[in-house]
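Trainee: Questions regarding the structure given below will be posed in turn.
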Amino acid sequence: MSTFVQSLRLWFAPERARQEGETPDYRFSLANERTFLAWLRTALALIGGGFAVDQFLPDLRWGVRVGLALALLAAGVLCALRAVNHWVRCEQAMRRGEDLPASRFPALLGVVVAVVAVAMVVVVVFGWEG
Amino acid sequence: MTEAVGPGGAGGTGGAGDAALRDPAPRDPGLQPERTRLAWRRTTLTCTVAAVLGARAALHDGASVVAAVACALCLLLWLGFLAVAHRRMTALTAARPHPLGRRTATAAAVCTGALAVCAAALIL
(Lines give C-alpha, C1' and ligand atoms only; values in the text may rest on other atoms or scores of the structure.)
Protein backbone atom coordinates (compact mmCIF):
# COMPACT_ATOMS: atom_id res chain seq x y z
CA MET A 1 0.00 0.00 0.00
CA SER A 2 2.87 2.40 0.74
CA THR A 3 4.21 1.91 -2.78
CA PHE A 4 0.79 2.92 -4.03
CA VAL A 5 0.88 6.11 -1.94
CA GLN A 6 4.38 6.82 -3.22
CA SER A 7 3.33 6.47 -6.83
CA LEU A 8 0.21 8.51 -6.06
CA ARG A 9 2.52 11.31 -5.05
CA LEU A 10 4.38 10.89 -8.33
CA TRP A 11 1.21 11.48 -10.37
CA PHE A 12 1.19 15.07 -9.27
CA ALA A 13 4.92 15.75 -9.40
CA PRO A 14 5.86 15.33 -13.04
CA GLU A 15 9.05 17.35 -12.73
CA ARG A 16 10.56 14.95 -10.22
CA ALA A 17 10.15 11.96 -12.50
CA ARG A 18 11.44 13.87 -15.51
CA GLN A 19 14.74 14.56 -13.81
CA GLU A 20 15.43 10.99 -12.93
CA GLY A 21 17.09 8.60 -15.38
CA GLU A 22 17.07 9.39 -19.07
CA THR A 23 14.21 10.04 -21.45
CA PRO A 24 13.40 6.79 -23.26
CA ASP A 25 12.91 6.55 -27.02
CA TYR A 26 9.68 8.39 -27.81
CA ARG A 27 8.28 5.25 -29.44
CA PHE A 28 8.46 3.40 -26.14
CA SER A 29 6.71 6.27 -24.40
CA LEU A 30 3.98 6.23 -27.02
CA ALA A 31 3.57 2.46 -26.71
CA ASN A 32 3.21 2.92 -22.96
CA GLU A 33 0.62 5.63 -23.60
CA ARG A 34 -1.39 3.32 -25.88
CA THR A 35 -1.39 0.63 -23.22
CA PHE A 36 -2.67 3.22 -20.76
CA LEU A 37 -5.43 4.18 -23.19
CA ALA A 38 -6.38 0.54 -23.73
CA TRP A 39 -6.82 0.15 -19.96
CA LEU A 40 -8.81 3.36 -19.86
CA ARG A 41 -11.09 2.00 -22.58
CA THR A 42 -11.52 -1.15 -20.53
CA ALA A 43 -12.51 1.01 -17.57
CA LEU A 44 -14.98 2.99 -19.70
CA ALA A 45 -16.45 -0.22 -21.10
CA LEU A 46 -16.95 -1.56 -17.57
CA ILE A 47 -18.66 1.69 -16.57
CA GLY A 48 -20.84 1.54 -19.68
CA GLY A 49 -21.65 -2.06 -18.73
CA GLY A 50 -22.71 -0.89 -15.27
CA PHE A 51 -25.10 1.66 -16.81
CA ALA A 52 -26.37 -0.97 -19.24
CA VAL A 53 -27.10 -3.54 -16.52
CA ASP A 54 -29.07 -0.93 -14.63
CA GLN A 55 -31.10 0.12 -17.66
CA PHE A 56 -31.52 -2.94 -19.82
CA LEU A 57 -32.28 -5.52 -17.12
CA PRO A 58 -35.23 -3.74 -15.48
CA ASP A 59 -37.02 -6.98 -14.59
CA LEU A 60 -34.38 -8.02 -12.09
CA ARG A 61 -34.88 -7.60 -8.41
CA TRP A 62 -33.55 -4.24 -7.25
CA GLY A 63 -30.79 -5.70 -5.07
CA VAL A 64 -29.42 -8.01 -7.76
CA ARG A 65 -29.48 -5.36 -10.44
CA VAL A 66 -27.82 -2.70 -8.30
CA GLY A 67 -25.29 -5.20 -6.98
CA LEU A 68 -24.20 -6.22 -10.47
CA ALA A 69 -24.11 -2.62 -11.69
CA LEU A 70 -22.08 -1.46 -8.70
CA ALA A 71 -19.63 -4.35 -9.12
CA LEU A 72 -19.04 -3.32 -12.73
CA LEU A 73 -18.71 0.35 -11.81
CA ALA A 74 -16.27 -0.40 -8.99
CA ALA A 75 -14.21 -2.53 -11.38
CA GLY A 76 -14.22 0.41 -13.80
CA VAL A 77 -12.96 2.86 -11.19
CA LEU A 78 -10.25 0.44 -10.06
CA CYS A 79 -9.25 -0.13 -13.66
CA ALA A 80 -8.92 3.61 -14.36
CA LEU A 81 -6.85 4.25 -11.23
CA ARG A 82 -4.69 1.26 -11.93
CA ALA A 83 -4.20 2.43 -15.53
CA VAL A 84 -2.53 5.64 -14.35
CA ASN A 85 -0.56 3.84 -11.67
CA HIS A 86 0.78 1.22 -14.06
CA TRP A 87 1.58 3.83 -16.70
CA VAL A 88 3.58 5.89 -14.17
CA ARG A 89 5.46 2.83 -12.97
CA CYS A 90 6.25 1.69 -16.51
CA GLU A 91 7.53 5.14 -17.42
CA GLN A 92 9.71 5.21 -14.32
CA ALA A 93 11.09 1.74 -15.05
CA MET A 94 11.93 2.78 -18.61
CA ARG A 95 13.70 5.89 -17.37
CA ARG A 96 15.74 3.90 -14.88
CA GLY A 97 16.41 1.09 -17.37
CA GLU A 98 14.76 -1.46 -15.10
CA ASP A 99 12.42 -4.31 -16.01
CA LEU A 100 8.81 -3.32 -16.49
CA PRO A 101 6.69 -3.90 -13.37
CA ALA A 102 4.90 -7.23 -13.13
CA SER A 103 1.24 -7.05 -12.22
CA ARG A 104 -1.46 -9.32 -10.85
CA PHE A 105 -4.18 -6.93 -11.91
CA PRO A 106 -5.04 -8.43 -15.33
CA ALA A 107 -5.63 -11.85 -13.76
CA LEU A 108 -7.67 -10.26 -10.95
CA LEU A 109 -9.81 -8.27 -13.39
CA GLY A 110 -10.29 -11.37 -15.53
CA VAL A 111 -11.59 -13.32 -12.53
CA VAL A 112 -13.92 -10.46 -11.50
CA VAL A 113 -15.33 -10.11 -15.03
CA ALA A 114 -15.80 -13.88 -15.26
CA VAL A 115 -17.64 -13.96 -11.92
CA VAL A 116 -19.91 -11.07 -12.93
CA ALA A 117 -20.59 -12.70 -16.29
CA VAL A 118 -21.53 -16.02 -14.67
CA ALA A 119 -23.73 -14.17 -12.18
CA MET A 120 -25.49 -12.40 -15.06
CA VAL A 121 -26.03 -15.66 -16.95
CA VAL A 122 -27.50 -17.27 -13.84
CA VAL A 123 -29.68 -14.25 -13.12
CA VAL A 124 -30.95 -13.94 -16.69
CA VAL A 125 -31.55 -17.67 -17.23
CA PHE A 126 -33.29 -18.31 -13.92
CA GLY A 127 -34.99 -14.93 -14.03
CA TRP A 128 -35.04 -13.67 -10.46
CA GLU A 129 -37.70 -11.14 -11.13
CA GLY A 130 -38.59 -8.47 -8.66
CA MET B 1 9.29 19.89 -20.92
CA THR B 2 12.15 17.69 -22.00
CA GLU B 3 12.68 16.88 -25.62
CA ALA B 4 11.66 13.40 -26.66
CA VAL B 5 14.55 12.53 -28.90
CA GLY B 6 14.97 9.01 -30.13
CA PRO B 7 18.35 7.37 -30.67
CA GLY B 8 20.12 9.39 -33.35
CA GLY B 9 17.11 11.68 -33.46
CA ALA B 10 17.09 15.24 -34.65
CA GLY B 11 19.02 17.71 -32.51
CA GLY B 12 16.73 18.45 -29.63
CA THR B 13 16.47 22.19 -30.19
CA GLY B 14 13.39 23.82 -31.55
CA GLY B 15 9.98 22.24 -31.98
CA ALA B 16 9.11 19.16 -33.93
CA GLY B 17 8.16 21.34 -36.88
CA ASP B 18 11.77 22.52 -36.99
CA ALA B 19 12.97 18.93 -37.03
CA ALA B 20 10.53 18.12 -39.79
CA LEU B 21 11.98 20.89 -41.92
CA ARG B 22 15.55 19.77 -41.42
CA ASP B 23 15.01 16.07 -41.77
CA PRO B 24 13.32 15.03 -45.02
CA ALA B 25 12.00 11.73 -43.55
CA PRO B 26 11.41 12.26 -39.83
CA ARG B 27 8.28 10.12 -39.76
CA ASP B 28 8.47 6.98 -37.77
CA PRO B 29 7.92 4.09 -40.23
CA GLY B 30 5.86 2.35 -37.54
CA LEU B 31 3.52 5.39 -37.47
CA GLN B 32 3.58 5.39 -33.68
CA PRO B 33 2.19 8.94 -33.24
CA GLU B 34 -0.68 8.18 -35.62
CA ARG B 35 -1.47 4.94 -33.84
CA THR B 36 -1.44 6.73 -30.53
CA ARG B 37 -3.73 9.42 -31.93
CA LEU B 38 -6.16 6.77 -33.10
CA ALA B 39 -5.99 5.12 -29.68
CA TRP B 40 -7.06 8.44 -28.15
CA ARG B 41 -9.87 8.65 -30.72
CA ARG B 42 -11.09 5.16 -29.83
CA THR B 43 -11.00 6.10 -26.19
CA THR B 44 -13.09 9.25 -26.78
CA LEU B 45 -15.63 7.11 -28.66
CA THR B 46 -15.85 4.68 -25.74
CA CYS B 47 -16.25 7.64 -23.41
CA THR B 48 -19.05 8.96 -25.62
CA VAL B 49 -20.90 5.64 -25.36
CA ALA B 50 -20.54 5.62 -21.57
CA ALA B 51 -21.66 9.26 -21.29
CA VAL B 52 -24.68 8.69 -23.54
CA LEU B 53 -25.72 5.70 -21.43
CA GLY B 54 -25.27 7.89 -18.35
CA ALA B 55 -27.41 10.69 -19.78
CA ARG B 56 -30.04 8.14 -20.77
CA ALA B 57 -30.05 6.69 -17.25
CA ALA B 58 -30.37 10.18 -15.78
CA LEU B 59 -33.32 11.18 -17.95
CA HIS B 60 -35.05 7.80 -17.98
CA ASP B 61 -36.64 8.12 -14.55
CA GLY B 62 -38.30 11.44 -15.32
CA ALA B 63 -36.91 14.94 -14.97
CA SER B 64 -36.10 15.47 -11.31
CA VAL B 65 -33.50 17.96 -10.12
CA VAL B 66 -31.05 15.20 -9.19
CA ALA B 67 -31.44 13.61 -12.62
CA ALA B 68 -30.84 16.91 -14.39
CA VAL B 69 -27.72 17.59 -12.32
CA ALA B 70 -26.41 14.08 -12.91
CA CYS B 71 -27.05 14.36 -16.63
CA ALA B 72 -25.24 17.71 -16.77
CA LEU B 73 -22.35 16.23 -14.79
CA CYS B 74 -22.05 13.29 -17.20
CA LEU B 75 -21.96 15.64 -20.17
CA LEU B 76 -19.46 17.91 -18.42
CA LEU B 77 -17.17 14.96 -17.69
CA TRP B 78 -17.50 13.86 -21.29
CA LEU B 79 -16.55 17.35 -22.49
CA GLY B 80 -13.62 17.37 -20.09
CA PHE B 81 -12.40 14.08 -21.48
CA LEU B 82 -12.82 15.36 -25.03
CA ALA B 83 -10.80 18.48 -24.19
CA VAL B 84 -7.98 16.44 -22.65
CA ALA B 85 -7.96 14.06 -25.62
CA HIS B 86 -8.06 16.91 -28.13
CA ARG B 87 -5.07 18.62 -26.55
CA ARG B 88 -3.10 15.40 -26.58
CA MET B 89 -4.10 14.58 -30.15
CA THR B 90 -2.95 18.03 -31.27
CA ALA B 91 0.37 17.45 -29.53
CA LEU B 92 0.69 14.10 -31.30
CA THR B 93 0.70 15.70 -34.75
CA ALA B 94 4.40 16.46 -34.19
CA ALA B 95 6.83 14.05 -35.86
CA ARG B 96 8.50 13.29 -32.53
CA PRO B 97 5.90 14.04 -29.89
CA HIS B 98 6.66 14.58 -26.23
CA PRO B 99 5.73 11.78 -23.88
CA LEU B 100 2.31 11.98 -22.26
CA GLY B 101 2.19 14.37 -19.30
CA ARG B 102 1.17 13.09 -15.88
CA ARG B 103 -1.51 15.72 -15.49
CA THR B 104 -3.08 14.70 -18.79
CA ALA B 105 -3.09 11.03 -17.79
CA THR B 106 -4.46 11.81 -14.35
CA ALA B 107 -7.14 14.12 -15.79
CA ALA B 108 -8.31 11.43 -18.22
CA ALA B 109 -8.46 8.81 -15.47
CA VAL B 110 -10.23 11.20 -13.08
CA CYS B 111 -12.89 11.94 -15.72
CA THR B 112 -13.41 8.18 -16.10
CA GLY B 113 -13.61 7.60 -12.35
CA ALA B 114 -15.96 10.54 -11.84
CA LEU B 115 -18.25 9.16 -14.52
CA ALA B 116 -18.42 5.91 -12.55
CA VAL B 117 -19.18 7.78 -9.32
CA CYS B 118 -21.89 9.70 -11.16
CA ALA B 119 -23.28 6.38 -12.40
CA ALA B 120 -23.32 4.93 -8.90
CA ALA B 121 -25.16 8.00 -7.62
CA LEU B 122 -27.74 7.60 -10.40
CA ILE B 123 -28.27 3.90 -9.79
CA LEU B 124 -28.70 4.17 -6.03
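Naming scheme: A, B, ... for chains in displayed order of the C-alpha coordinates; residues 1 onward per chain; ligands 1 onward as shown.
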Any idea what's packed within 6 Å of range 27-37 of chain B, counting only C-alpha atoms, ignoring anything in its chain fewer than 3 positions away? Could you give it as a list in words?

Mentor: Arg34 of chain A; Trp40, Met89, Leu92 and Ala95 of chain B

Trainee: Give me the residues within 7 Å of Cys47 in chain B as a list in words, counting only C-alpha atoms and dropping any in the same chain fewer than 3 places off.

Mentor: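 These residues fall inside the cut-off: Leu44 of chain A; Thr43, Thr44, Ala50, Ala51 and Trp78 of chain B.
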
Trainee: Write out as a PyMOL selection string which residues come within 12 Å of Val69 in chain B when counting only C-alpha atoms, dropping same-chain ones fewer than 2 positions away.

Mentor: chain B and resi 54-55+58-59+63-67+71-76+118+121-122

Trainee: Which residues of chain B have any atom within 6 Å of an atom in chain A when counting only C-alpha atoms, and what is the closest pair of atoms for each, with the distance in Å to one decimal? Order the rows by chain and rising number and write it as a Markdown table.

Mentor:
```
| residue | atom | partner | partner_atom | distance |
| --- | --- | --- | --- | --- |
| B:Ala4 | CA | A:Tyr26 | CA | 5.5 |
| B:Gly6 | CA | A:Asp25 | CA | 4.5 |
| B:Thr36 | CA | A:Arg34 | CA | 5.8 |
| B:Thr43 | CA | A:Arg41 | CA | 5.5 |
| B:Ala50 | CA | A:Gly48 | CA | 4.5 |
| B:Pro99 | CA | A:Ser29 | CA | 5.6 |
| B:Arg102 | CA | A:Trp11 | CA | 5.7 |
| B:Ala109 | CA | A:Ala80 | CA | 5.3 |
| B:Gly113 | CA | A:Val77 | CA | 4.9 |
| B:Ala116 | CA | A:Leu73 | CA | 5.6 |
```

Trainee: Return as a PyMOL selection string the full set of residues in chain A whose backbone-based DSSP assignment is alpha helix (DSSP H).

Mentor: chain A and resi 2-11+14-19+26-56+62-96+105-126

Trainee: Find, counting only C-alpha atoms, the residue in A:Val125, A:Ala107, A:Val53, A:Ala93 that gets nearest to Leu53 in chain B.

Mentor: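 For Leu53 in chain B, the nearest of the candidates is A:Val53.
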
Trainee: Could you work out how far CA of Leu38 in chain B lies from CA of Pro97 in chain B, giving the answer in Å with one decimal?

Mentor: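 Answer for the CA of Pro97 in chain B to CA of Leu38 in chain B separation: 14.4 Å.
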
Trainee: Find the distance between CA of Val112 in chain A and CA of Ala120 in chain B and write it in Å to one decimal.

Mentor: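 Between these atoms lies a distance of 18.2 Å.
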